[in-house]
file start_26.pdb (PDB, C-alpha atoms and all ligand atoms)
ATOM      1  CA  MET A   1     111.251-130.111-144.790  1.00  0.00           C
ATOM      2  CA  GLY A   2     109.340-127.155-146.091  1.00  0.00           C
ATOM      3  CA  LEU A   3     110.310-123.582-146.798  1.00  0.00           C
ATOM      4  CA  LEU A   4     108.511-120.364-146.039  1.00  0.00           C
ATOM      5  CA  ASN A   5     107.070-117.770-148.377  1.00  0.00           C
ATOM      6  CA  VAL A   6     105.742-114.821-146.409  1.00  0.00           C
ATOM      7  CA  ASN A   7     102.498-113.358-147.731  1.00  0.00           C
ATOM      8  CA  ILE A   8     102.743-109.607-147.084  1.00  0.00           C
ATOM      9  CA  ASP A   9      99.259-108.590-148.312  1.00  0.00           C
ATOM     10  CA  HIS A  10      98.238-107.371-144.877  1.00  0.00           C
ATOM     11  CA  VAL A  11     101.127-104.953-144.611  1.00  0.00           C
ATOM     12  CA  ALA A  12      99.447-103.270-147.583  1.00  0.00           C
ATOM     13  CA  THR A  13      96.053-103.624-145.854  1.00  0.00           C
ATOM     14  CA  ILE A  14      97.331-101.396-143.026  1.00  0.00           C
ATOM     15  CA  ARG A  15      98.665 -98.859-145.547  1.00  0.00           C
ATOM     16  CA  GLN A  16      95.373 -98.811-147.464  1.00  0.00           C
ATOM     17  CA  ALA A  17      93.430 -98.150-144.249  1.00  0.00           C
ATOM     18  CA  ARG A  18      94.802 -94.579-144.534  1.00  0.00           C
ATOM     19  CA  ARG A  19      95.630 -94.486-148.264  1.00  0.00           C
ATOM     20  CA  THR A  20      99.102 -93.310-147.275  1.00  0.00           C
ATOM     21  CA  ASP A  21     102.555 -94.663-148.091  1.00  0.00           C
ATOM     22  CA  GLU A  22     103.294 -96.593-144.904  1.00  0.00           C
ATOM     23  CA  PRO A  23     103.898 -99.354-144.078  1.00  0.00           C
ATOM     24  CA  ASP A  24     105.458-100.163-147.436  1.00  0.00           C
ATOM     25  CA  PRO A  25     105.150-103.876-148.292  1.00  0.00           C
ATOM     26  CA  VAL A  26     108.427-103.545-150.192  1.00  0.00           C
ATOM     27  CA  TRP A  27     110.235-102.710-146.925  1.00  0.00           C
ATOM     28  CA  ALA A  28     108.444-105.621-145.230  1.00  0.00           C
ATOM     29  CA  ALA A  29     109.640-107.956-148.000  1.00  0.00           C
ATOM     30  CA  VAL A  30     113.230-106.923-147.323  1.00  0.00           C
ATOM     31  CA  GLN A  31     112.812-107.757-143.618  1.00  0.00           C
ATOM     32  CA  CYS A  32     111.329-111.173-144.458  1.00  0.00           C
ATOM     33  CA  GLU A  33     114.219-111.927-146.786  1.00  0.00           C
ATOM     34  CA  LEU A  34     116.787-110.812-144.190  1.00  0.00           C
ATOM     35  CA  ALA A  35     115.116-113.229-141.754  1.00  0.00           C
ATOM     36  CA  GLY A  36     115.587-116.090-144.229  1.00  0.00           C
ATOM     37  CA  ALA A  37     112.262-116.328-146.062  1.00  0.00           C
ATOM     38  CA  ASN A  38     112.389-118.476-149.154  1.00  0.00           C
ATOM     39  CA  GLY A  39     110.066-116.169-151.015  1.00  0.00           C
ATOM     40  CA  ILE A  40     107.571-113.320-150.927  1.00  0.00           C
ATOM     41  CA  THR A  41     103.915-113.847-151.822  1.00  0.00           C
ATOM     42  CA  VAL A  42     101.423-111.146-152.783  1.00  0.00           C
ATOM     43  CA  HIS A  43      97.869-111.340-154.100  1.00  0.00           C
ATOM     44  CA  LEU A  44      97.064-108.685-156.691  1.00  0.00           C
ATOM     45  CA  ARG A  45      93.295-108.664-156.328  1.00  0.00           C
ATOM     46  CA  GLN A  46      91.026-107.202-159.004  1.00  0.00           C
ATOM     47  CA  ASP A  47      89.718-104.611-156.513  1.00  0.00           C
ATOM     48  CA  ARG A  48      93.314-103.713-155.413  1.00  0.00           C
ATOM     49  CA  ARG A  49      92.145-103.720-151.799  1.00  0.00           C
ATOM     50  CA  HIS A  50      95.695-104.180-150.484  1.00  0.00           C
ATOM     51  CA  ILE A  51      98.512-104.919-152.938  1.00  0.00           C
ATOM     52  CA  CYS A  52      98.491-102.531-155.913  1.00  0.00           C
ATOM     53  CA  ASP A  53     100.200-102.413-159.296  1.00  0.00           C
ATOM     54  CA  ARG A  54     103.084-100.272-158.033  1.00  0.00           C
ATOM     55  CA  ASP A  55     103.825-102.871-155.329  1.00  0.00           C
ATOM     56  CA  VAL A  56     104.172-105.803-157.724  1.00  0.00           C
ATOM     57  CA  THR A  57     106.313-103.719-160.096  1.00  0.00           C
ATOM     58  CA  VAL A  58     108.726-102.659-157.337  1.00  0.00           C
ATOM     59  CA  LEU A  59     108.748-106.129-155.727  1.00  0.00           C
ATOM     60  CA  LYS A  60     109.651-107.687-159.057  1.00  0.00           C
ATOM     61  CA  GLU A  61     112.741-105.449-159.080  1.00  0.00           C
ATOM     62  CA  THR A  62     113.669-105.809-155.410  1.00  0.00           C
ATOM     63  CA  VAL A  63     112.785-109.320-154.233  1.00  0.00           C
ATOM     64  CA  ALA A  64     116.019-111.277-154.306  1.00  0.00           C
ATOM     65  CA  SER A  65     114.555-114.652-153.294  1.00  0.00           C
ATOM     66  CA  LYS A  66     111.381-115.596-155.141  1.00  0.00           C
ATOM     67  CA  LEU A  67     108.281-113.585-156.008  1.00  0.00           C
ATOM     68  CA  ASN A  68     105.086-115.636-155.934  1.00  0.00           C
ATOM     69  CA  LEU A  69     102.123-113.760-157.411  1.00  0.00           C
ATOM     70  CA  GLU A  70      98.732-115.017-156.289  1.00  0.00           C
ATOM     71  CA  MET A  71      96.065-114.141-158.811  1.00  0.00           C
ATOM     72  CA  CYS A  72      92.733-115.117-160.280  1.00  0.00           C
ATOM     73  CA  MET A  73      92.231-116.103-163.924  1.00  0.00           C
ATOM     74  CA  ALA A  74      90.631-112.814-165.069  1.00  0.00           C
ATOM     75  CA  GLU A  75      92.153-111.670-168.375  1.00  0.00           C
ATOM     76  CA  PRO A  76      93.444-108.213-167.248  1.00  0.00           C
ATOM     77  CA  ILE A  77      95.308-109.863-164.356  1.00  0.00           C
ATOM     78  CA  VAL A  78      96.744-112.593-166.584  1.00  0.00           C
ATOM     79  CA  LYS A  79      98.054-109.862-168.920  1.00  0.00           C
ATOM     80  CA  ILE A  80      99.753-108.117-165.964  1.00  0.00           C
ATOM     81  CA  ALA A  81     101.426-111.397-164.954  1.00  0.00           C
ATOM     82  CA  GLU A  82     102.664-112.016-168.502  1.00  0.00           C
ATOM     83  CA  LYS A  83     104.269-108.573-168.512  1.00  0.00           C
ATOM     84  CA  LEU A  84     105.592-108.719-164.946  1.00  0.00           C
ATOM     85  CA  ARG A  85     107.059-112.223-165.158  1.00  0.00           C
ATOM     86  CA  PRO A  86     107.166-113.119-161.442  1.00  0.00           C
ATOM     87  CA  ASP A  87     109.091-116.280-160.566  1.00  0.00           C
ATOM     88  CA  GLN A  88     105.867-118.081-159.706  1.00  0.00           C
ATOM     89  CA  VAL A  89     102.130-117.637-160.108  1.00  0.00           C
ATOM     90  CA  THR A  90      99.605-119.308-157.826  1.00  0.00           C
ATOM     91  CA  LEU A  91      96.166-119.321-159.410  1.00  0.00           C
ATOM     92  CA  VAL A  92      93.344-118.791-156.928  1.00  0.00           C
ATOM     93  CA  PRO A  93      89.584-118.258-157.105  1.00  0.00           C
ATOM     94  CA  GLU A  94      88.480-114.728-156.252  1.00  0.00           C
ATOM     95  CA  LYS A  95      85.130-113.376-155.135  1.00  0.00           C
ATOM     96  CA  ARG A  96      84.773-109.652-154.665  1.00  0.00           C
ATOM     97  CA  ALA A  97      82.878-109.881-151.360  1.00  0.00           C
ATOM     98  CA  GLU A  98      85.184-112.375-149.615  1.00  0.00           C
ATOM     99  CA  LEU A  99      87.497-111.339-146.748  1.00  0.00           C
ATOM    100  CA  THR A 100      90.206-113.720-147.962  1.00  0.00           C
ATOM    101  CA  THR A 101      90.440-116.501-150.530  1.00  0.00           C
ATOM    102  CA  GLU A 102      87.667-118.930-149.677  1.00  0.00           C
ATOM    103  CA  GLY A 103      87.625-122.403-151.324  1.00  0.00           C
ATOM    104  CA  GLY A 104      90.210-123.721-153.745  1.00  0.00           C
ATOM    105  CA  LEU A 105      90.215-123.133-157.485  1.00  0.00           C
ATOM    106  CA  ASP A 106      87.845-125.493-159.333  1.00  0.00           C
ATOM    107  CA  CYS A 107      90.309-126.879-161.851  1.00  0.00           C
ATOM    108  CA  VAL A 108      87.823-129.470-163.125  1.00  0.00           C
ATOM    109  CA  LYS A 109      85.191-126.858-164.026  1.00  0.00           C
ATOM    110  CA  HIS A 110      87.685-124.356-165.473  1.00  0.00           C
ATOM    111  CA  GLN A 111      90.113-126.812-167.026  1.00  0.00           C
ATOM    112  CA  LYS A 112      90.106-125.334-170.542  1.00  0.00           C
ATOM    113  CA  ARG A 113      90.772-121.758-169.400  1.00  0.00           C
ATOM    114  CA  LEU A 114      93.291-123.041-166.850  1.00  0.00           C
ATOM    115  CA  ALA A 115      95.268-125.009-169.448  1.00  0.00           C
ATOM    116  CA  SER A 116      95.461-121.988-171.738  1.00  0.00           C
ATOM    117  CA  ILE A 117      96.643-119.658-168.931  1.00  0.00           C
ATOM    118  CA  VAL A 118      99.208-122.202-167.702  1.00  0.00           C
ATOM    119  CA  LYS A 119     100.667-122.386-171.201  1.00  0.00           C
ATOM    120  CA  ARG A 120     100.798-118.591-171.574  1.00  0.00           C
ATOM    121  CA  LEU A 121     102.514-118.086-168.208  1.00  0.00           C
ATOM    122  CA  GLN A 122     104.979-120.940-168.673  1.00  0.00           C
ATOM    123  CA  LYS A 123     105.938-119.416-172.020  1.00  0.00           C
ATOM    124  CA  LYS A 124     107.142-116.403-169.994  1.00  0.00           C
ATOM    125  CA  GLY A 125     109.283-118.651-167.792  1.00  0.00           C
ATOM    126  CA  ILE A 126     106.866-118.570-164.822  1.00  0.00           C
ATOM    127  CA  LEU A 127     106.335-121.632-162.614  1.00  0.00           C
ATOM    128  CA  VAL A 128     102.581-122.178-162.306  1.00  0.00           C
ATOM    129  CA  SER A 129     100.736-123.548-159.298  1.00  0.00           C
ATOM    130  CA  THR A 130      97.034-123.913-158.472  1.00  0.00           C
ATOM    131  CA  PHE A 131      95.534-123.371-155.030  1.00  0.00           C
ATOM    132  CA  ILE A 132      93.223-126.347-154.535  1.00  0.00           C
ATOM    133  CA  THR A 133      91.494-128.462-151.927  1.00  0.00           C
ATOM    134  CA  PRO A 134      93.499-131.671-151.492  1.00  0.00           C
ATOM    135  CA  ASP A 135      91.109-133.753-153.643  1.00  0.00           C
ATOM    136  CA  ALA A 136      92.444-136.239-156.188  1.00  0.00           C
ATOM    137  CA  GLU A 137      90.172-134.876-158.944  1.00  0.00           C
ATOM    138  CA  GLN A 138      91.494-131.322-158.481  1.00  0.00           C
ATOM    139  CA  ILE A 139      95.101-132.526-158.423  1.00  0.00           C
ATOM    140  CA  ILE A 140      94.603-134.607-161.564  1.00  0.00           C
ATOM    141  CA  ALA A 141      92.874-131.694-163.320  1.00  0.00           C
ATOM    142  CA  SER A 142      95.864-129.471-162.409  1.00  0.00           C
ATOM    143  CA  THR A 143      98.248-132.082-163.805  1.00  0.00           C
ATOM    144  CA  ASP A 144      96.193-132.405-166.998  1.00  0.00           C
ATOM    145  CA  ALA A 145      96.214-128.609-167.389  1.00  0.00           C
ATOM    146  CA  GLY A 146     100.019-128.700-167.382  1.00  0.00           C
ATOM    147  CA  CYS A 147     100.683-127.118-163.959  1.00  0.00           C
ATOM    148  CA  ASP A 148     104.110-127.382-162.351  1.00  0.00           C
ATOM    149  CA  ALA A 149     102.858-127.363-158.764  1.00  0.00           C
ATOM    150  CA  VAL A 150      99.804-127.350-156.532  1.00  0.00           C
ATOM    151  CA  GLU A 151      99.237-125.489-153.267  1.00  0.00           C
ATOM    152  CA  LEU A 152      97.123-127.673-150.997  1.00  0.00           C
ATOM    153  CA  HIS A 153      94.515-125.638-149.098  1.00  0.00           C
ATOM    154  CA  THR A 154      95.165-125.982-145.359  1.00  0.00           C
ATOM    155  CA  GLY A 155      92.175-123.855-144.328  1.00  0.00           C
ATOM    156  CA  MET A 156      90.002-126.861-143.433  1.00  0.00           C
ATOM    157  CA  TYR A 157      92.823-128.247-141.282  1.00  0.00           C
ATOM    158  CA  ALA A 158      93.226-124.838-139.610  1.00  0.00           C
ATOM    159  CA  ASN A 159      89.502-124.701-138.829  1.00  0.00           C
ATOM    160  CA  ALA A 160      89.312-128.244-137.412  1.00  0.00           C
ATOM    161  CA  ARG A 161      88.744-128.208-133.654  1.00  0.00           C
ATOM    162  CA  THR A 162      88.726-131.816-132.372  1.00  0.00           C
ATOM    163  CA  ASP A 163      91.691-134.226-132.487  1.00  0.00           C
ATOM    164  CA  LYS A 164      89.633-136.504-134.743  1.00  0.00           C
ATOM    165  CA  ALA A 165      88.776-133.710-137.168  1.00  0.00           C
ATOM    166  CA  ILE A 166      92.385-132.480-137.204  1.00  0.00           C
ATOM    167  CA  GLU A 167      93.686-135.983-137.976  1.00  0.00           C
ATOM    168  CA  LYS A 168      91.103-136.365-140.769  1.00  0.00           C
ATOM    169  CA  ARG A 169      92.273-133.121-142.385  1.00  0.00           C
ATOM    170  CA  LEU A 170      95.944-134.079-142.000  1.00  0.00           C
ATOM    171  CA  ASN A 171      95.228-137.405-143.688  1.00  0.00           C
ATOM    172  CA  GLU A 172      93.549-135.557-146.573  1.00  0.00           C
ATOM    173  CA  LEU A 173      96.674-133.412-146.927  1.00  0.00           C
ATOM    174  CA  ARG A 174      98.936-136.505-146.834  1.00  0.00           C
ATOM    175  CA  ASP A 175      96.759-138.257-149.439  1.00  0.00           C
ATOM    176  CA  GLY A 176      96.817-135.106-151.599  1.00  0.00           C
ATOM    177  CA  ARG A 177     100.587-134.962-151.268  1.00  0.00           C
ATOM    178  CA  ASP A 178     100.785-138.594-152.449  1.00  0.00           C
ATOM    179  CA  VAL A 179      98.584-138.025-155.514  1.00  0.00           C
ATOM    180  CA  ALA A 180     100.402-134.808-156.420  1.00  0.00           C
ATOM    181  CA  MET A 181     103.869-136.325-156.082  1.00  0.00           C
ATOM    182  CA  ALA A 182     102.814-139.409-158.071  1.00  0.00           C
ATOM    183  CA  SER A 183     101.694-136.980-160.816  1.00  0.00           C
ATOM    184  CA  GLY A 184     105.100-135.292-160.796  1.00  0.00           C
ATOM    185  CA  LEU A 185     103.842-132.044-159.237  1.00  0.00           C
ATOM    186  CA  ILE A 186     105.725-129.868-156.737  1.00  0.00           C
ATOM    187  CA  VAL A 187     103.671-129.656-153.526  1.00  0.00           C
ATOM    188  CA  HIS A 188     103.020-126.411-151.633  1.00  0.00           C
ATOM    189  CA  ALA A 189     100.584-125.720-148.787  1.00  0.00           C
ATOM    190  CA  GLY A 190      98.951-122.707-147.245  1.00  0.00           C
ATOM    191  CA  HIS A 191      96.049-120.740-145.769  1.00  0.00           C
ATOM    192  CA  GLY A 192      95.160-120.352-142.125  1.00  0.00           C
ATOM    193  CA  LEU A 193      98.537-121.615-140.878  1.00  0.00           C
ATOM    194  CA  THR A 194      99.638-120.136-137.559  1.00  0.00           C
ATOM    195  CA  TYR A 195     102.391-120.423-134.937  1.00  0.00           C
ATOM    196  CA  ARG A 196     100.144-122.925-133.118  1.00  0.00           C
ATOM    197  CA  ASN A 197      99.071-125.210-135.967  1.00  0.00           C
ATOM    198  CA  ILE A 198     102.091-125.242-138.321  1.00  0.00           C
ATOM    199  CA  GLY A 199     103.878-128.194-136.639  1.00  0.00           C
ATOM    200  CA  PRO A 200     101.906-131.193-137.953  1.00  0.00           C
ATOM    201  CA  VAL A 201     101.703-129.733-141.493  1.00  0.00           C
ATOM    202  CA  ALA A 202     105.415-128.884-141.548  1.00  0.00           C
ATOM    203  CA  ALA A 203     106.057-132.527-140.584  1.00  0.00           C
ATOM    204  CA  ILE A 204     104.398-133.805-143.789  1.00  0.00           C
ATOM    205  CA  GLU A 205     107.310-134.881-145.924  1.00  0.00           C
ATOM    206  CA  GLY A 206     107.292-133.705-149.511  1.00  0.00           C
ATOM    207  CA  ILE A 207     105.617-130.328-148.971  1.00  0.00           C
ATOM    208  CA  CYS A 208     108.348-127.959-150.051  1.00  0.00           C
ATOM    209  CA  GLU A 209     106.734-124.542-149.598  1.00  0.00           C
ATOM    210  CA  PHE A 210     104.399-122.914-147.084  1.00  0.00           C
ATOM    211  CA  ASN A 211     102.580-119.679-147.845  1.00  0.00           C
ATOM    212  CA  ILE A 212     101.763-117.908-144.591  1.00  0.00           C
ATOM    213  CA  GLY A 213     100.483-114.363-144.218  1.00  0.00           C
ATOM    214  CA  HIS A 214      97.967-113.249-141.611  1.00  0.00           C
ATOM    215  CA  SER A 215      99.578-114.944-138.637  1.00  0.00           C
ATOM    216  CA  ILE A 216     103.054-113.579-139.389  1.00  0.00           C
ATOM    217  CA  VAL A 217     101.850-110.009-139.983  1.00  0.00           C
ATOM    218  CA  SER A 218      99.757-110.240-136.782  1.00  0.00           C
ATOM    219  CA  ARG A 219     102.784-111.395-134.798  1.00  0.00           C
ATOM    220  CA  ALA A 220     104.947-108.687-136.347  1.00  0.00           C
ATOM    221  CA  VAL A 221     102.535-105.989-135.159  1.00  0.00           C
ATOM    222  CA  LEU A 222     102.702-107.289-131.593  1.00  0.00           C
ATOM    223  CA  VAL A 223     106.418-108.044-131.285  1.00  0.00           C
ATOM    224  CA  GLY A 224     107.211-104.648-132.813  1.00  0.00           C
ATOM    225  CA  MET A 225     104.710-102.564-130.773  1.00  0.00           C
ATOM    226  CA  ARG A 226     106.944-102.121-127.732  1.00  0.00           C
ATOM    227  CA  GLU A 227     109.920-100.837-129.732  1.00  0.00           C
ATOM    228  CA  ALA A 228     107.722 -98.531-131.795  1.00  0.00           C
ATOM    229  CA  THR A 229     106.179 -97.039-128.627  1.00  0.00           C
ATOM    230  CA  GLU A 230     109.584 -96.570-127.003  1.00  0.00           C
ATOM    231  CA  GLU A 231     110.875 -94.784-130.108  1.00  0.00           C
ATOM    232  CA  MET A 232     107.954 -92.329-130.099  1.00  0.00           C
ATOM    233  CA  ILE A 233     108.309 -91.655-126.345  1.00  0.00           C
ATOM    234  CA  GLY A 234     111.989 -90.946-126.999  1.00  0.00           C
ATOM    235  CA  LEU A 235     111.109 -88.360-129.658  1.00  0.00           C
ATOM    236  CA  ILE A 236     108.542 -86.642-127.423  1.00  0.00           C
ATOM    237  CA  GLU A 237     110.928 -86.546-124.459  1.00  0.00           C
ATOM    238  CA  SER A 238     113.838 -85.279-126.516  1.00  0.00           C
ATOM    239  CA  ALA A 239     111.596 -82.421-127.705  1.00  0.00           C
ATOM    240  CA  GLY A 240     111.542 -81.009-124.182  1.00  0.00           C
ATOM    241  CA  PHE A 241     108.867 -82.765-122.079  1.00  0.00           C
TER     242      PHE A 241
HETATM  243  N1  LIG A 301      97.759-119.311-149.871  1.00  0.00           N
HETATM  244  C1  LIG A 301      96.794-118.740-150.620  1.00  0.00           C
HETATM  245  C2  LIG A 301      96.515-119.306-151.955  1.00  0.00           C
HETATM  246  C3  LIG A 301      96.072-117.636-150.153  1.00  0.00           C
HETATM  247  O1  LIG A 301      95.108-117.087-150.904  1.00  0.00           O
HETATM  248  C4  LIG A 301      96.423-117.083-148.901  1.00  0.00           C
HETATM  249  C5  LIG A 301      95.710-115.850-148.415  1.00  0.00           C
HETATM  250  O2  LIG A 301      96.039-114.769-149.221  1.00  0.00           O
HETATM  251  C6  LIG A 301      97.444-117.694-148.169  1.00  0.00           C
HETATM  252  C7  LIG A 301      98.082-118.820-148.660  1.00  0.00           C
HETATM  253  C8  LIG A 301      97.875-117.165-146.845  1.00  0.00           C
HETATM  254  O3  LIG A 301      96.848-117.380-145.920  1.00  0.00           O
HETATM  255  P1  LIG A 301      96.961-116.763-144.472  1.00  0.00           P
HETATM  256  O4  LIG A 301      96.955-115.283-144.615  1.00  0.00           O
HETATM  257  O5  LIG A 301      95.767-117.317-143.773  1.00  0.00           O
HETATM  258  O6  LIG A 301      98.262-117.259-143.898  1.00  0.00           O
END
call {"tool": "encode", "arguments": {"input": "start_26.pdb", "output": "structure tokens", "more": "lines below"}}
Ligand code: PXP
result
Amino acid sequence: MGLLNVNIDHVATIRQARRTDEPDPVWAAVQCELAGANGITVHLRQDRRHICDRDVTVLKETVASKLNLEMCMAEPIVKIAEKLRPDQVTLVPEKRAELTTEGGLDCVKHQKRLASIVKRLQKKGILVSTFITPDAEQIIASTDAGCDAVELHTGMYANARTDKAIEKRLNELRDGRDVAMASGLIVHAGHGLTYRNIGPVAAIEGICEFNIGHSIVSRAVLVGMREATEEMIGLIESAGF
């Protein structure tokens, strides 16, 4: 059985659309925790397009479950993580032009830098995970770099459209789970998971954490829209209309 970390980046995306102070991702984190989330995930991007430094500082103080900081391996960001000491760091690749994290981190290519960052973060008591495609070579490179966990990229599964393609991607995730567990790694999964496609991935034994963002924030906007509208109508009516 797996557990849910809610990625609240897109609460901050709505705030940044107006550069105002609402909605506050810190308030959203409280709601997720009250609903039973296992943890809160945020990605502090180099361009600060959604989550900003103030958010991670306040979340570090207020998140009672687990704070998982997604981040790239750029030195200024690594320094922030060392100072902040979140419970967990998930290392991801980051391109400035992308809409969201695209492929997984290439742990084979960046193994030396990865190993040094893993050591620095673990020294601060942080559990370190890498966000990777479910390939044996990436899992082994993460193990060799000293990681505690891997987050298997479910984006290819989420994009698969035929039953055959979906089964192929699920098998890749199961094989990745096997290699990771045999290497002693904790196994997480995430990206592109929705209310429609979560079932088969949640049924993969051994995956103990799911990081889900866009679909939950999207659902929250819709299930909350009616109440928000009713509240505003109430205020207008009580003002004399
Ligand atoms: N896991 C990682 C490593 C990610 O970069 C993201 C996107 O920020 C997610 C999970 C969540 O993906 P989604 O928003 O599609 O649920």
call {"tool": "atom_distance", "arguments": {"input": "start_26.pdb", "atom1": "atom C8 of ligand LIG 301 (chain A)", "atom2": "atom CA of Leu193 of chain A"}}
result
7.5 Å
call {"tool": "resolve_selection", "arguments": {"input": "start_26.pdb", "expression": "the PyMOL selection byres (((not hetatm)) within 10 of (chain A and resi 301))", "output": "short mmCIF file (atom, residue, chain, number, x, y, z; two decimals) with C-alpha atoms, in the coordinates of the input"}}
result
data_model
loop_
_atom_site.label_atom_id
_atom_site.label_comp_id
_atom_site.auth_asym_id
_atom_site.auth_seq_id
_atom_site.Cartn_x
_atom_site.Cartn_y
_atom_site.Cartn_z
CA ASN A 5 107.07 -117.77 -148.38
CA VAL A 6 105.74 -114.82 -146.41
CA ASN A 7 102.50 -113.36 -147.73
CA ILE A 8 102.74 -109.61 -147.08
CA ASP A 9 99.26 -108.59 -148.31
CA HIS A 10 98.24 -107.37 -144.88
CA THR A 41 103.92 -113.85 -151.82
CA VAL A 42 101.42 -111.15 -152.78
CA HIS A 43 97.87 -111.34 -154.10
CA LEU A 44 97.06 -108.68 -156.69
CA ARG A 45 93.30 -108.66 -156.33
CA LEU A 69 102.12 -113.76 -157.41
CA GLU A 70 98.73 -115.02 -156.29
CA MET A 71 96.06 -114.14 -158.81
CA CYS A 72 92.73 -115.12 -160.28
CA THR A 90 99.60 -119.31 -157.83
CA LEU A 91 96.17 -119.32 -159.41
CA VAL A 92 93.34 -118.79 -156.93
CA PRO A 93 89.58 -118.26 -157.10
CA GLU A 94 88.48 -114.73 -156.25
CA LEU A 99 87.50 -111.34 -146.75
CA THR A 100 90.21 -113.72 -147.96
CA THR A 101 90.44 -116.50 -150.53
CA GLU A 102 87.67 -118.93 -149.68
CA GLY A 103 87.62 -122.40 -151.32
CA GLY A 104 90.21 -123.72 -153.74
CA LEU A 105 90.22 -123.13 -157.49
CA SER A 129 100.74 -123.55 -159.30
CA THR A 130 97.03 -123.91 -158.47
CA PHE A 131 95.53 -123.37 -155.03
CA ILE A 132 93.22 -126.35 -154.54
CA VAL A 150 99.80 -127.35 -156.53
CA GLU A 151 99.24 -125.49 -153.27
CA LEU A 152 97.12 -127.67 -151.00
CA HIS A 153 94.52 -125.64 -149.10
CA THR A 154 95.16 -125.98 -145.36
CA GLY A 155 92.18 -123.86 -144.33
CA ALA A 158 93.23 -124.84 -139.61
CA HIS A 188 103.02 -126.41 -151.63
CA ALA A 189 100.58 -125.72 -148.79
CA GLY A 190 98.95 -122.71 -147.24
CA HIS A 191 96.05 -120.74 -145.77
CA GLY A 192 95.16 -120.35 -142.12
CA LEU A 193 98.54 -121.62 -140.88
CA THR A 194 99.64 -120.14 -137.56
CA PHE A 210 104.40 -122.91 -147.08
CA ASN A 211 102.58 -119.68 -147.84
CA ILE A 212 101.76 -117.91 -144.59
CA GLY A 213 100.48 -114.36 -144.22
CA HIS A 214 97.97 -113.25 -141.61
CA SER A 215 99.58 -114.94 -138.64
CA ILE A 216 103.05 -113.58 -139.39
CA VAL A 217 101.85 -110.01 -139.98
CA SER A 218 99.76 -110.24 -136.78
#
call {"tool": "closest_residue", "arguments": {"input": "start_26.pdb", "among": "A:Ile198, A:Ile117, A:Cys107, A:Leu3", "to": "Met73 of chain A", "atoms": "all atoms listed in the file"}}
result
A:Ile117
call {"tool": "atom_distance", "arguments": {"input": "start_26.pdb", "atom1": "atom CA of Gly125 of chain A", "atom2": "atom CA of Gln88 of chain A"}}
result
8.8 Å
call {"tool": "atom_distance", "arguments": {"input": "start_26.pdb", "atom1": "atom CA of Asp87 of chain A", "atom2": "atom CA of Arg19 of chain A"}}
result
28.4 Å
call {"tool": "resolve_selection", "arguments": {"input": "start_26.pdb", "expression": "the PyMOL selection byres (((chain A and resi 63) around 12) and not hetatm)", "output": "PyMOL selection string"}}
result
chain A and resi 5-6+25-34+37-42+55-62+64-69+86-87
call {"tool": "residues_around", "arguments": {"input": "start_26.pdb", "residues": "Asp21 of chain A", "least_positions_apart": "2", "cutoff": "12 Å", "atoms": "only C-alpha atoms", "output": "PyMOL selection string"}}
result
chain A and resi 11-19+23-27+50+52+54-55
call {"tool": "residues_around", "arguments": {"input": "start_26.pdb", "residues": "Asp148 of chain A", "least_positions_apart": "4", "cutoff": "9 Å", "atoms": "all atoms listed in the file", "output": "PyMOL selection string"}}
result
chain A and resi 118+127-130+142-143+184-186
call {"tool": "resolve_selection", "arguments": {"input": "start_26.pdb", "expression": "the PyMOL selection byres (((chain A and resi 183) around 12) and not hetatm)", "output": "list in words"}}
result
Ala136, Glu137, Gln138, Ile139, Ile140, Ala141, Ser142, Thr143, Asp144, Ala145, Gly146, Cys147, Asp148, Ala149, Val150, Gly176, Arg177, Asp178, Val179, Ala180, Met181, Ala182, Gly184, Leu185, Ile186 and Val187 of chain A
call {"tool": "write_last_selection", "arguments": {"input": "start_26.pdb", "atoms": "C-alpha atoms", "output": "compact mmCIF listing (two decimals), keeping the file's coordinate frame"}}
result
# COMPACT_ATOMS: atom_id res chain seq x y z
CA ALA A 136 92.44 -136.24 -156.19
CA GLU A 137 90.17 -134.88 -158.94
CA GLN A 138 91.49 -131.32 -158.48
CA ILE A 139 95.10 -132.53 -158.42
CA ILE A 140 94.60 -134.61 -161.56
CA ALA A 141 92.87 -131.69 -163.32
CA SER A 142 95.86 -129.47 -162.41
CA THR A 143 98.25 -132.08 -163.80
CA ASP A 144 96.19 -132.40 -167.00
CA ALA A 145 96.21 -128.61 -167.39
CA GLY A 146 100.02 -128.70 -167.38
CA CYS A 147 100.68 -127.12 -163.96
CA ASP A 148 104.11 -127.38 -162.35
CA ALA A 149 102.86 -127.36 -158.76
CA VAL A 150 99.80 -127.35 -156.53
CA GLY A 176 96.82 -135.11 -151.60
CA ARG A 177 100.59 -134.96 -151.27
CA ASP A 178 100.78 -138.59 -152.45
CA VAL A 179 98.58 -138.02 -155.51
CA ALA A 180 100.40 -134.81 -156.42
CA MET A 181 103.87 -136.32 -156.08
CA ALA A 182 102.81 -139.41 -158.07
CA GLY A 184 105.10 -135.29 -160.80
CA LEU A 185 103.84 -132.04 -159.24
CA ILE A 186 105.72 -129.87 -156.74
CA VAL A 187 103.67 -129.66 -153.53
call {"tool": "axis_aligned_box", "arguments": {"input": "start_26.pdb", "around": "segment 126-142 of chain A", "padding_each_side": "6 Å", "output": "AutoDock Vina command-line options"}}
result
--center_x 98.5 --center_y -127.4 --center_z -158.2 --size_x 28.7 --size_y 29.7 --size_z 25.3
call {"tool": "closest_residue", "arguments": {"input": "start_26.pdb", "among": "A:Ile166, A:Ile204, A:Ile233, A:Leu121", "to": "Ile80 of chain A", "atoms": "all atoms listed in the file"}}
result
A:Leu121
call {"tool": "closest_residue", "arguments": {"input": "start_26.pdb", "among": "A:Glu22, A:Glu227, A:Leu235, A:Leu170", "to": "Ala202 of chain A", "atoms": "all atoms listed in the file"}}
result
A:Leu170
call {"tool": "closest_residue", "arguments": {"input": "start_26.pdb", "among": "A:Arg226, A:Arg49, A:Arg219, A:Arg174", "to": "Ala203 of chain A", "atoms": "all atoms listed in the file"}}
result
A:Arg174
